[in-house]
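Text of upload_2.csv, listed as CSV, C-alpha atoms:
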```
chain,number,residue,atom,x,y,z
A,1,MET,CA,88.0,123.2,18.1
A,2,TYR,CA,87.4,121.3,21.3
A,3,LEU,CA,87.0,122.1,25.0
A,4,THR,CA,88.1,119.4,27.4
A,5,ARG,CA,87.8,119.2,31.2
A,6,PHE,CA,89.7,116.8,33.4
A,7,ARG,CA,89.7,116.5,37.2
A,8,PHE,CA,92.9,115.7,39.1
A,9,ASN,CA,93.0,113.2,41.9
A,10,THR,CA,94.9,115.4,44.3
A,11,ALA,CA,95.5,112.5,46.7
A,12,ARG,CA,97.9,111.0,44.2
A,13,ALA,CA,101.6,111.8,44.0
A,14,GLY,CA,101.5,112.0,40.2
A,15,ALA,CA,98.9,114.7,40.4
A,16,ARG,CA,100.8,116.7,42.9
A,17,ARG,CA,104.0,116.4,40.8
A,18,LEU,CA,102.2,117.8,37.7
A,19,LEU,CA,100.5,120.6,39.5
A,20,SER,CA,103.7,121.7,41.1
A,21,SER,CA,105.4,122.2,37.7
A,22,PRO,CA,104.0,124.1,34.8
A,23,GLN,CA,106.7,122.7,32.6
A,24,HIS,CA,105.8,119.1,33.4
A,25,LEU,CA,102.0,119.8,33.1
A,26,HIS,CA,102.6,121.4,29.7
A,27,ALA,CA,104.4,118.3,28.5
A,28,ALA,CA,101.6,116.1,29.8
A,29,VAL,CA,99.0,118.2,28.0
A,30,MET,CA,100.9,118.2,24.7
A,31,SER,CA,101.3,114.4,25.0
A,32,ALA,CA,97.5,114.2,24.5
A,33,PHE,CA,98.0,115.3,20.8
A,34,PRO,CA,100.4,112.9,19.1
A,35,GLU,CA,99.7,114.5,15.7
A,36,ILE,CA,100.9,118.0,16.9
A,37,LEU,CA,104.6,118.5,16.6
A,38,PRO,CA,106.2,120.9,19.1
A,39,THR,CA,107.6,123.2,16.4
A,40,ALA,CA,104.7,122.9,13.9
A,41,PRO,CA,102.8,126.1,13.1
A,42,GLY,CA,99.0,126.1,13.5
A,43,PRO,CA,96.3,126.6,16.1
A,44,ARG,CA,97.6,126.7,19.7
A,45,VAL,CA,96.7,124.3,22.5
A,46,LEU,CA,95.6,126.4,25.5
A,47,TRP,CA,95.3,125.0,29.1
A,48,ARG,CA,94.4,126.2,32.5
A,49,THR,CA,94.1,124.7,36.0
A,50,ASP,CA,91.3,125.9,38.3
A,51,HIS,CA,92.0,125.4,42.0
A,52,ASN,CA,88.4,125.5,43.2
A,53,ALA,CA,89.3,123.7,46.5
A,54,THR,CA,92.2,121.7,48.0
A,55,ALA,CA,90.7,118.5,46.6
A,56,GLU,CA,89.1,119.9,43.5
A,57,VAL,CA,91.5,120.9,40.8
A,58,GLN,CA,90.2,121.0,37.2
A,59,LEU,CA,92.2,121.1,34.0
A,60,TYR,CA,90.7,122.9,31.0
A,61,VAL,CA,92.1,122.5,27.5
A,62,VAL,CA,91.1,124.2,24.3
A,63,SER,CA,92.6,122.5,21.3
A,64,PRO,CA,92.2,122.1,17.5
A,65,SER,CA,91.9,118.3,17.7
A,66,ARG,CA,90.3,115.9,20.2
A,67,PRO,CA,92.8,115.0,23.0
A,68,ASP,CA,93.5,111.5,24.5
A,69,LEU,CA,94.1,112.0,28.2
A,70,THR,CA,94.5,108.3,29.0
A,71,HIS,CA,98.0,109.0,30.3
A,72,LEU,CA,96.7,111.7,32.7
A,73,VAL,CA,94.1,109.4,34.1
A,74,GLU,CA,96.8,106.8,34.8
A,75,GLN,CA,99.2,109.3,36.4
A,76,ALA,CA,96.8,111.7,38.1
A,77,GLY,CA,93.2,110.6,37.8
A,78,TRP,CA,91.1,107.6,38.8
A,79,PRO,CA,92.3,104.7,36.6
A,80,ALA,CA,90.1,102.1,38.4
A,81,ALA,CA,87.0,104.1,37.6
A,82,ALA,CA,88.1,104.5,34.0
A,83,ALA,CA,88.5,100.8,33.7
A,84,THR,CA,84.8,100.3,34.5
A,85,GLY,CA,83.8,102.4,31.5
A,86,THR,CA,84.2,106.0,32.8
A,87,VAL,CA,86.6,107.8,30.4
A,88,GLY,CA,88.0,110.1,33.1
A,89,TRP,CA,87.6,113.4,31.1
A,90,GLN,CA,84.9,115.2,29.1
A,91,THR,CA,85.5,116.7,25.6
A,92,TYR,CA,83.0,118.9,23.9
A,93,ALA,CA,82.9,120.3,20.4
A,94,TYR,CA,83.7,124.0,20.9
A,95,GLN,CA,82.9,125.4,17.4
A,96,PRO,CA,79.1,125.4,17.8
A,97,PHE,CA,79.3,127.5,20.9
A,98,LEU,CA,81.8,129.9,19.4
A,99,GLU,CA,79.5,130.4,16.4
A,100,ARG,CA,76.6,131.3,18.6
A,101,LEU,CA,78.4,134.2,20.3
A,102,ASP,CA,76.4,137.4,19.4
A,103,LYS,CA,77.2,141.0,19.9
A,104,GLY,CA,75.5,142.4,23.0
A,105,THR,CA,75.3,139.1,24.9
A,106,THR,CA,76.6,138.9,28.4
A,107,TRP,CA,78.6,136.1,30.1
A,108,ASN,CA,80.5,135.2,33.2
A,109,PHE,CA,84.1,134.6,32.4
A,110,ARG,CA,87.3,133.2,33.9
A,111,LEU,CA,90.8,133.9,32.7
A,112,THR,CA,94.2,132.9,34.1
A,113,ALA,CA,96.8,135.2,32.7
A,114,ASN,CA,100.4,136.5,33.1
A,115,PRO,CA,99.9,140.4,33.3
A,116,VAL,CA,103.2,142.0,32.4
A,117,HIS,CA,104.5,145.3,31.2
A,118,HIS,CA,107.9,146.6,30.0
A,119,ALA,CA,109.8,148.8,32.4
A,120,ARG,CA,113.3,150.2,32.8
A,121,THR,CA,114.8,149.7,36.2
A,122,LYS,CA,117.8,152.1,35.6
A,123,ASP,CA,118.3,155.0,33.3
A,124,GLY,CA,120.0,154.0,30.0
A,125,GLU,CA,119.2,150.3,30.4
A,126,PRO,CA,116.9,148.6,28.0
A,127,THR,CA,113.3,147.8,29.2
A,128,LYS,CA,112.6,144.4,30.7
A,129,ARG,CA,109.4,142.4,30.8
A,130,THR,CA,108.1,142.8,34.4
A,131,ALA,CA,105.1,141.3,36.1
A,132,HIS,CA,102.3,143.5,37.5
A,133,LEU,CA,102.1,142.6,41.2
A,134,THR,CA,99.1,144.6,42.6
A,135,ALA,CA,95.5,143.7,41.9
A,136,ARG,CA,94.9,147.3,40.7
A,137,HIS,CA,97.6,147.1,38.0
A,138,GLN,CA,96.6,143.5,37.1
A,139,MET,CA,93.0,144.6,36.5
A,140,GLN,CA,94.2,147.6,34.5
A,141,TRP,CA,96.2,145.3,32.3
A,142,LEU,CA,93.0,143.4,31.4
A,143,LEU,CA,90.9,146.5,31.0
A,144,GLN,CA,93.4,147.8,28.5
A,145,ARG,CA,92.9,144.7,26.3
A,146,GLN,CA,89.1,144.5,26.3
A,147,GLU,CA,88.5,146.6,23.2
A,148,ALA,CA,90.9,144.7,21.0
A,149,GLY,CA,89.7,141.4,22.5
A,150,GLY,CA,86.1,142.0,21.4
A,151,PHE,CA,84.6,142.4,24.9
A,152,ARG,CA,83.7,145.0,27.5
A,153,ILE,CA,83.9,144.2,31.2
A,154,MET,CA,80.6,145.2,32.7
A,155,ALA,CA,80.3,148.1,35.2
A,156,LYS,CA,79.0,147.7,38.7
A,157,PRO,CA,75.9,149.5,39.7
A,158,ALA,CA,76.9,152.6,41.7
A,159,ASP,CA,75.3,151.3,44.9
A,160,ARG,CA,77.5,148.2,44.8
A,161,ARG,CA,80.8,150.0,44.6
A,162,HIS,CA,82.8,149.9,47.8
A,163,THR,CA,85.2,152.7,46.9
A,164,GLU,CA,84.9,155.8,44.9
A,165,HIS,CA,87.7,154.8,42.5
A,166,GLY,CA,89.0,151.4,41.4
A,167,ASP,CA,85.8,149.4,42.0
A,168,GLU,CA,83.9,150.3,38.9
A,169,HIS,CA,83.8,146.9,37.2
A,170,GLN,CA,82.4,143.4,37.8
A,171,LEU,CA,85.8,142.0,38.0
A,172,ALA,CA,87.9,140.3,40.7
A,173,VAL,CA,91.5,139.0,40.7
A,174,HIS,CA,92.7,136.2,42.9
A,175,GLY,CA,94.9,133.2,43.2
A,176,GLN,CA,98.2,134.9,42.4
A,177,ARG,CA,101.0,132.4,42.0
A,178,ASN,CA,104.7,133.3,41.6
A,179,LEU,CA,106.3,130.5,39.6
A,180,ALA,CA,110.0,129.8,39.0
A,181,PHE,CA,111.3,126.7,37.2
A,182,SER,CA,114.1,125.5,35.0
A,183,LYS,CA,113.3,125.2,31.3
A,184,HIS,CA,114.6,122.1,29.6
A,185,GLY,CA,117.5,122.8,27.3
A,186,ALA,CA,118.0,126.4,28.5
A,187,THR,CA,120.2,128.2,31.0
A,188,GLY,CA,118.7,130.1,33.9
A,189,ARG,CA,115.2,129.9,35.3
A,190,VAL,CA,111.8,130.9,34.0
A,191,THR,CA,109.9,133.2,36.4
A,192,LEU,CA,106.3,134.3,35.9
A,193,THR,CA,103.3,135.6,37.9
A,194,ALA,CA,99.9,134.0,37.1
A,195,VAL,CA,96.6,135.4,38.4
A,196,THR,CA,93.0,134.4,37.8
A,197,PHE,CA,90.3,136.9,36.8
A,198,ASP,CA,86.6,136.3,37.4
A,199,GLY,CA,84.0,138.7,36.1
A,200,ARG,CA,81.2,139.5,33.7
A,201,LEU,CA,81.6,140.7,30.1
A,202,GLU,CA,79.6,141.9,27.2
A,203,VAL,CA,80.5,140.8,23.7
A,204,THR,CA,81.3,143.8,21.5
A,205,ASP,CA,83.0,142.0,18.6
A,206,PRO,CA,82.3,138.3,18.3
A,207,ASP,CA,85.1,137.5,15.8
A,208,ALA,CA,87.7,139.2,18.0
A,209,LEU,CA,86.4,137.4,21.1
A,210,ARG,CA,86.5,134.1,19.3
A,211,THR,CA,90.2,134.8,18.5
A,212,VAL,CA,90.8,135.3,22.3
A,213,LEU,CA,89.0,132.2,23.3
A,214,THR,CA,90.9,130.0,20.8
A,215,GLY,CA,94.2,131.8,20.7
A,216,GLY,CA,94.7,133.0,24.2
A,217,LEU,CA,95.4,136.4,25.9
A,218,GLY,CA,98.8,137.6,27.0
A,219,LYS,CA,102.1,135.8,27.6
A,220,ALA,CA,103.2,132.4,29.0
A,221,LYS,CA,100.5,130.4,27.2
A,222,ALA,CA,102.7,127.3,27.3
A,223,TYR,CA,102.6,127.5,31.1
A,224,GLY,CA,98.9,127.6,31.8
A,225,CYS,CA,98.1,131.2,31.1
A,226,GLY,CA,95.9,132.9,28.5
A,227,LEU,CA,92.9,130.6,28.5
A,228,MET,CA,89.5,132.5,28.9
A,229,THR,CA,86.3,130.5,29.3
A,230,LEU,CA,82.7,131.8,29.3
A,231,ALA,CA,79.7,130.5,31.3
A,232,PRO,CA,76.0,131.6,31.2
A,233,ILE,CA,74.9,134.2,33.7
A,234,GLY,CA,72.3,133.0,36.2
```
Target encoding structure tokens, full file:
Amino acid sequence: MYLTRFRFNTARAGARRLLSSPQHLHAAVMSAFPEILPTAPGPRVLWRTDHNATAEVQLYVVSPSRPDLTHLVEQAGWPAAAATGTVGWQTYAYQPFLERLDKGTTWNFRLTANPVHHARTKDGEPTKRTAHLTARHQMQWLLQRQEAGGFRIMAKPADRRHTEHGDEHQLAVHGQRNLAFSKHGATGRVTLTAVTFDGRLEVTDPDALRTVLTGGLGKAKAYGCGLMTLAPIG
């Protein structure tokens, strides 16, 4: 497995076009893996964009093979810098890090996800997949998945809680984006809500957490959701 980071040149029209369309960006990411067929079974390619500032947007990719992002550099990066010897992206072997995950260790994490539930809008109608729209329900969605995912979101010390209920965890949700776009070859439009979670977790089951880190969490993985990454605390 590999973890790759690419920085967009947001001053370029090609970058803005890709960032405005999850479908186009998905196609660009998958074009980095000529050996992976769209319908082939096997490990999934996960990706996420981090909008740290207006001019700082990073793409993260977790993949079973090493990507070639030359086309992204040409469309949405700094091709002149790449021509001088700078590749334009960084790829790291991910497996050594995954194998070092131990039970009881603690990490900062980031996850962009599509928190949904099934609800019935009218009596007698079948349930429909519906987005969670409030931060409280979005956080609850993640908390409900922590045990099966092999992690525990850490609690806040009592003196750092701003409210009596609903502020117990070292967890924040931000960057909600309501996306709607046409899917190639299908009628109608795809709509989804993506949010970003930042927080701290403790590893409770390393194997289960490895599955989350390489297989994703939740729905809409093809459109930039599901990728969790860890970073050391401190």
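CA of Ala55 in chain A to CA of Ala222 in chain A spans 24.4 Å [interatomic distance, one decimal].
When all atoms listed in the file are used to measure the gap to Lys103 in chain A, the shortest distance among A:Ala80, A:Phe151, A:Gln176, A:Lys221 belongs to A:Phe151.
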Item to check | Spatial sel., origin (90.2, 111.4, 34.2), limit 12 Å, all atoms listed in the file, listed as a PyMOL selection string | outcome: chain A and resi 4-10+15+57-60+68-83+85-91
Next on the checklist: I want to know what sits within 8 Å of range 230-232 of chain A, based on all atoms listed in the file, with residues of the same chain fewer than 6 positions away left out; could you give that as a ChimeraX atom specification?
Outcome noted: /A:106-110
Mind writing the picked residues with C-alpha atoms as a compact mmCIF listing (two decimals), keeping the file's coordinate frame?
```txt
# COMPACT_ATOMS: atom_id res chain seq x y z
CA THR A 106 76.60 138.90 28.40
CA TRP A 107 78.60 136.10 30.10
CA ASN A 108 80.50 135.20 33.20
CA PHE A 109 84.10 134.60 32.40
CA ARG A 110 87.30 133.20 33.90
```
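The residues that lie within 7 Å of the point (86.7, 128.4, 27.9), counting all atoms listed in the file, are Leu3, Leu213, Leu227, Met228, Thr229 and Leu230 of chain A.
The closest residue to Ala113 in chain A, picked from A:Arg100, A:Arg16, A:His174, A:His51 and counting all atoms listed in the file, is A:His174.
Distance-wise, CA of Gln138 in chain A and CA of Glu56 in chain A end up 25.6 Å apart.
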Checklist entry - Counting all atoms listed in the file, what is within 12 Å of Arg145 in chain A, bar same-chain residues fewer than 3 positions away, as a list in words? => result Pro115, Gln138, Met139, Gln140, Trp141, Leu142, Ala148, Gly149, Gly150, Phe151, Arg152, Ile153, Ala208, Leu209, Val212, Leu217 and Gly218 of chain A
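In terms of minimum interatomic distance to Leu98 in chain A, A:Val203 ranks closest within A:Val173, A:Ala53, A:Ala194, A:Val203, counting all atoms listed in the file.
Among the candidates A:Ile36, A:Ile233, A:Ala172, A:Val116, the residue lying nearest to Lys128 in chain A is A:Val116 (atoms considered: only C-alpha atoms).
The gap separating CA of Gly175 in chain A from CA of Tyr94 in chain A is 26.6 Å, in Å to one decimal.
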Item to check | For Thr191 in chain A, the nearest of the candidates A:Leu179, A:Gln146, A:His24, A:Tyr92, counting only C-alpha atoms | outcome: A:Leu179
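Take the candidates A:Ala11, A:Ala119, A:Met1, A:Val61 and check each one against Ala28 in chain A using only C-alpha atoms; the shortest distance goes to A:Val61.
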Residues at most 8 Å from range 33-35 of chain A, counting only C-alpha atoms, excluding those fewer than 5 positions away in the same chain, as a PDB file with C-alpha atoms, in the frame of the given file?
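Here's the written file out_2.pdb:
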```pdb
ATOM      1  CA  SER A  65      91.900 118.300  17.700  1.00  0.00           C
ATOM      2  CA  ARG A  66      90.300 115.900  20.200  1.00  0.00           C
ATOM      3  CA  PRO A  67      92.800 115.000  23.000  1.00  0.00           C
ATOM      4  CA  ASP A  68      93.500 111.500  24.500  1.00  0.00           C
TER       5      ASP A  68
END
```
Checklist entry - Which residues come within 9 Å of Leu171 in chain A, counting only C-alpha atoms, excluding same-chain residues fewer than 3 positions away, as a ChimeraX atom specification? => result /A:139,153-156,167-168,197-200
File dump, residues just selected, C-alpha atoms, as a JSON list (two decimals), keeping the file's coordinate frame:
```json
[["chain", "number", "residue", "atom", "x", "y", "z"],
["A", 139, "MET", "CA", 93.00, 144.60, 36.50],
["A", 153, "ILE", "CA", 83.90, 144.20, 31.20],
["A", 154, "MET", "CA", 80.60, 145.20, 32.70],
["A", 155, "ALA", "CA", 80.30, 148.10, 35.20],
["A", 156, "LYS", "CA", 79.00, 147.70, 38.70],
["A", 167, "ASP", "CA", 85.80, 149.40, 42.00],
["A", 168, "GLU", "CA", 83.90, 150.30, 38.90],
["A", 197, "PHE", "CA", 90.30, 136.90, 36.80],
["A", 198, "ASP", "CA", 86.60, 136.30, 37.40],
["A", 199, "GLY", "CA", 84.00, 138.70, 36.10],
["A", 200, "ARG", "CA", 81.20, 139.50, 33.70]]
```
Regenerate range 64-79 of chain A at the level of N, CA, C and O atoms and dump it as a PDB file, keeping the file's coordinate frame.
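File written: rebuild02.pdb
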```
ATOM      1  N   PRO A  64      92.779 122.299  18.832  1.00  0.00           N
ATOM      2  CA  PRO A  64      92.200 122.100  17.500  1.00  0.00           C
ATOM      3  C   PRO A  64      91.797 120.717  17.178  1.00  0.00           C
ATOM      4  O   PRO A  64      91.066 120.489  16.214  1.00  0.00           O
ATOM      5  N   SER A  65      92.252 119.732  17.947  1.00  0.00           N
ATOM      6  CA  SER A  65      91.900 118.300  17.700  1.00  0.00           C
ATOM      7  C   SER A  65      91.471 117.730  19.085  1.00  0.00           C
ATOM      8  O   SER A  65      91.777 118.273  20.155  1.00  0.00           O
ATOM      9  N   ARG A  66      90.796 116.594  19.025  1.00  0.00           N
ATOM     10  CA  ARG A  66      90.300 115.900  20.200  1.00  0.00           C
ATOM     11  C   ARG A  66      91.493 115.275  20.971  1.00  0.00           C
ATOM     12  O   ARG A  66      92.246 114.511  20.374  1.00  0.00           O
ATOM     13  N   PRO A  67      91.666 115.542  22.270  1.00  0.00           N
ATOM     14  CA  PRO A  67      92.800 115.000  23.000  1.00  0.00           C
ATOM     15  C   PRO A  67      92.509 113.562  23.509  1.00  0.00           C
ATOM     16  O   PRO A  67      91.354 113.155  23.657  1.00  0.00           O
ATOM     17  N   ASP A  68      93.569 112.839  23.799  1.00  0.00           N
ATOM     18  CA  ASP A  68      93.500 111.500  24.500  1.00  0.00           C
ATOM     19  C   ASP A  68      94.246 111.698  25.794  1.00  0.00           C
ATOM     20  O   ASP A  68      95.479 111.754  25.817  1.00  0.00           O
ATOM     21  N   LEU A  69      93.511 111.755  26.897  1.00  0.00           N
ATOM     22  CA  LEU A  69      94.100 112.000  28.200  1.00  0.00           C
ATOM     23  C   LEU A  69      94.270 110.706  29.014  1.00  0.00           C
ATOM     24  O   LEU A  69      94.348 110.755  30.244  1.00  0.00           O
ATOM     25  N   THR A  70      94.367 109.587  28.327  1.00  0.00           N
ATOM     26  CA  THR A  70      94.500 108.300  29.000  1.00  0.00           C
ATOM     27  C   THR A  70      95.722 108.351  29.978  1.00  0.00           C
ATOM     28  O   THR A  70      95.658 107.865  31.123  1.00  0.00           O
ATOM     29  N   HIS A  71      96.817 108.921  29.519  1.00  0.00           N
ATOM     30  CA  HIS A  71      98.000 109.000  30.300  1.00  0.00           C
ATOM     31  C   HIS A  71      97.825 109.819  31.590  1.00  0.00           C
ATOM     32  O   HIS A  71      98.370 109.518  32.653  1.00  0.00           O
ATOM     33  N   LEU A  72      97.021 110.897  31.481  1.00  0.00           N
ATOM     34  CA  LEU A  72      96.700 111.700  32.700  1.00  0.00           C
ATOM     35  C   LEU A  72      95.869 110.967  33.653  1.00  0.00           C
ATOM     36  O   LEU A  72      96.047 111.096  34.870  1.00  0.00           O
ATOM     37  N   VAL A  73      94.897 110.224  33.159  1.00  0.00           N
ATOM     38  CA  VAL A  73      94.100 109.400  34.100  1.00  0.00           C
ATOM     39  C   VAL A  73      94.952 108.431  34.815  1.00  0.00           C
ATOM     40  O   VAL A  73      94.811 108.248  36.027  1.00  0.00           O
ATOM     41  N   GLU A  74      95.899 107.801  34.114  1.00  0.00           N
ATOM     42  CA  GLU A  74      96.800 106.800  34.800  1.00  0.00           C
ATOM     43  C   GLU A  74      97.708 107.441  35.772  1.00  0.00           C
ATOM     44  O   GLU A  74      97.983 106.854  36.826  1.00  0.00           O
ATOM     45  N   GLN A  75      98.204 108.659  35.478  1.00  0.00           N
ATOM     46  CA  GLN A  75      99.200 109.300  36.400  1.00  0.00           C
ATOM     47  C   GLN A  75      98.492 110.074  37.504  1.00  0.00           C
ATOM     48  O   GLN A  75      99.003 110.115  38.621  1.00  0.00           O
ATOM     49  N   ALA A  76      97.360 110.714  37.187  1.00  0.00           N
ATOM     50  CA  ALA A  76      96.800 111.700  38.100  1.00  0.00           C
ATOM     51  C   ALA A  76      95.337 111.736  38.237  1.00  0.00           C
ATOM     52  O   ALA A  76      94.773 112.685  38.784  1.00  0.00           O
ATOM     53  N   GLY A  77      94.675 110.682  37.761  1.00  0.00           N
ATOM     54  CA  GLY A  77      93.200 110.600  37.800  1.00  0.00           C
ATOM     55  C   GLY A  77      92.751 109.424  38.640  1.00  0.00           C
ATOM     56  O   GLY A  77      93.339 109.060  39.667  1.00  0.00           O
ATOM     57  N   TRP A  78      91.687 108.768  38.149  1.00  0.00           N
ATOM     58  CA  TRP A  78      91.100 107.600  38.800  1.00  0.00           C
ATOM     59  C   TRP A  78      91.082 106.441  37.797  1.00  0.00           C
ATOM     60  O   TRP A  78      90.054 106.149  37.185  1.00  0.00           O
ATOM     61  N   PRO A  79      92.220 105.776  37.588  1.00  0.00           N
ATOM     62  CA  PRO A  79      92.300 104.700  36.600  1.00  0.00           C
ATOM     63  C   PRO A  79      91.321 103.563  36.836  1.00  0.00           C
ATOM     64  O   PRO A  79      90.821 102.946  35.891  1.00  0.00           O
TER      65      PRO A  79
END
```
